[in-house]
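This report refers to the structure that appears directly beneath it.
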2 protein chains.
Amino acid sequence: MKPVLSLDMENPLEFIDKYGSFQHVKIGHSVAIYGKSVLEEFQKRNLKVIVDLKFVDIPSTVARSIKAWDHECVEGFTVHSACGIDSIRAALESTDKLIFVVLKLTSLTGDLAEYLDLIKSLRILGCSFVLPGKWAVQLRKQIPGKILVPGVRIKRGADDQKDVVHLSEIMNVADYAVLGREIYKSPDPAKAMDEVRRMLNA
Amino acid sequence: MKPVLSLDMENPLEFIDKYGSFQHVKIGHSVAIYGKSVLEEFQKRNLKVIVDLKFVDIPSTVARSIKAWDHECVEGFTVHSACGIDSIRAALESTDKLIFVVLKLTSLTGDLAEYLDLIKSLRILGCSFVLPGKWAVQLRKQIPGKILVPGVRIKRGADDQKDVVHLSEIMNVADYAVLGREIYKSPDPAKAMDEVRRMLNA
């Protein structure tokens, strides 16, 4: 399992240069506002980027958006399932990078059963998934693609992500585990990242 | 009704400097890759921008994304309803600009009846809407907020937007009518825009 550092802090590059980073980082709009050229900075630092802009649009626009943001350092893109199967197919055809489909945001309630048909149609397309940790555990065997779990915690806590899980719960389940606040709000972020690395190698 | 030029062409600034523009433009990811600083260019040209990145995320992230992209020249942002009511509330609280909620992409089929409850809960929040033209016509009287209609045509045609409408059909219905390909693929884009202005003033 690869730990992914969510770059939601102020001045992410400054943070990385000061405290280091996991090899994988996840960027959203707070990084996107620097434009595509910021990807060069990640490339220079040998980091792999998951572009988490949750594209949700008509097929031609989703494909164009992915092509627009594509770059050597990008490992994958997130796309929201509300765009429909045709748009997800267009996403997969537009790049050889991973397409992580978001089924349900962690802030929303929702029963896994409601999503099973959608998951069935999506997994045969060859996409990867963004899944709440508990769903990842239940679905692992049925999903040939990669699974990214957001909102992973190393300590227990609560915020607006209802489905947070502890790292240990998804150890042999997720391919990517996204960690954020607990790292960058830690008094010693470098040590917090070391702790994660230790937990993963244990 | 305000015509909005969808900036999906290559080199949008070059296009604008050559052929002019409506006062309102809509930008997506193909412009976002230039970073937030590109908004200065629109500001300089006295253009008003609709940031059409269809934010769809947990409440704190939607609010952060909007604040990240906010700028004097921005007239509004699009948010996809799949993010849920709490995220839309967070969007409205994060800015004094318009929040246009996308209910259903024009590439998807879907019955208006399925969306009526959602529309009811959203309109009391004070948001604006992105609506397929035919829905805009049916819903106009029930929606106090602004309505933006994408995929508006001046000639008849078909592509991956299933719900395209003709400008004349939404004349007293939409607040914003988005036009794109027909303008920038026209042999004479300046003339095509003039035609639209004439139709609107007739």
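Residue numbering restarts at 1 for every chain of the structure tokens, chains are lettered A, B, ... in their displayed order, and ligands are numbered from 1 as they appear.
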Can you list every residue of chain A that has an atom at most 6 Å from chain B, with its nearest atom pair and the distance in Å to one decimal, using only C-alpha atoms, ordered by chain then number, as JSON lines?
```
{"residue": "A:His29", "atom": "CA", "partner": "B:Ser65", "partner_atom": "CA", "distance": 5.2}
{"residue": "A:Ser30", "atom": "CA", "partner": "B:Ala68", "partner_atom": "CA", "distance": 5.6}
{"residue": "A:Ile33", "atom": "CA", "partner": "B:Gly35", "partner_atom": "CA", "distance": 4.5}
{"residue": "A:Tyr34", "atom": "CA", "partner": "B:Gly35", "partner_atom": "CA", "distance": 4.6}
{"residue": "A:Gly35", "atom": "CA", "partner": "B:Gly35", "partner_atom": "CA", "distance": 3.5}
{"residue": "A:Lys36", "atom": "CA", "partner": "B:Ile33", "partner_atom": "CA", "distance": 4.8}
{"residue": "A:Ile58", "atom": "CA", "partner": "B:Ser107", "partner_atom": "CA", "distance": 5.4}
{"residue": "A:Ser65", "atom": "CA", "partner": "B:His29", "partner_atom": "CA", "distance": 5.2}
{"residue": "A:Ala68", "atom": "CA", "partner": "B:Ser30", "partner_atom": "CA", "distance": 5.6}
{"residue": "A:Ser107", "atom": "CA", "partner": "B:Ile58", "partner_atom": "CA", "distance": 5.4}
```
- Task: Report the residues of stretch 19-156 of chain B whose backbone DSSP state falls under alpha helix (DSSP H), written as an MDAnalysis selection string.
- Result: chainID B and resid 19 29:32 38:44 59:69 85:94 116:123 133:139
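Atom CA of B:Arg198 to atom CA of B:Ser168 spans 11.9 Å [interatomic distance, one decimal].
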- Item | Near-A:Lys155 list (9 Å; only C-alpha atoms; drop same-chain fewer than 5 positions) as a PyMOL selection string | chain A and resi 166-167+182
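Distance check against B:Lys18 using only C-alpha atoms: of B:Ile88, B:Leu200, B:Ile124, B:Ala190, the minimum falls on B:Ala190.
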- Task: Find the spatial neighbours of B:Leu39, counting only C-alpha atoms, within a cut-off of 10 Å - ignore same-chain residues fewer than 4 positions away - and output them as a ChimeraX atom specification.
- Result: /B:27,31-32,34-35,43-45,47-49,51,69-74
Export, as a PDB file, in the first residue's frame, the selected residues with C-alpha atoms.
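Saved to part-v5.pdb:
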```pdb
ATOM      1  CA  ILE B  27     -13.815  28.731 -18.339  1.00  0.00           C
ATOM      2  CA  VAL B  31      -8.129  27.425 -19.155  1.00  0.00           C
ATOM      3  CA  ALA B  32      -7.602  26.461 -15.493  1.00  0.00           C
ATOM      4  CA  TYR B  34      -2.891  28.349 -16.844  1.00  0.00           C
ATOM      5  CA  GLY B  35      -3.512  28.913 -13.142  1.00  0.00           C
ATOM      6  CA  GLN B  43     -10.017  41.302 -15.648  1.00  0.00           C
ATOM      7  CA  LYS B  44      -7.804  43.485 -17.861  1.00  0.00           C
ATOM      8  CA  ARG B  45     -10.220  42.917 -20.755  1.00  0.00           C
ATOM      9  CA  LEU B  47     -14.677  40.347 -18.911  1.00  0.00           C
ATOM     10  CA  LYS B  48     -16.795  38.571 -16.297  1.00  0.00           C
ATOM     11  CA  VAL B  49     -15.899  34.952 -15.717  1.00  0.00           C
ATOM     12  CA  VAL B  51     -15.628  29.367 -13.349  1.00  0.00           C
ATOM     13  CA  TRP B  69     -10.282  30.401  -7.424  1.00  0.00           C
ATOM     14  CA  ASP B  70     -12.181  33.507  -6.318  1.00  0.00           C
ATOM     15  CA  HIS B  71     -11.222  36.761  -8.010  1.00  0.00           C
ATOM     16  CA  GLU B  72     -12.761  40.156  -8.686  1.00  0.00           C
ATOM     17  CA  CYS B  73     -13.657  39.198 -12.265  1.00  0.00           C
ATOM     18  CA  VAL B  74     -15.526  36.044 -11.259  1.00  0.00           C
TER      19      VAL B  74
END
```
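Our summary of the geometry notes that atom CA of A:Pro12 is positioned 28.5 Å from atom CA of B:Lys26.
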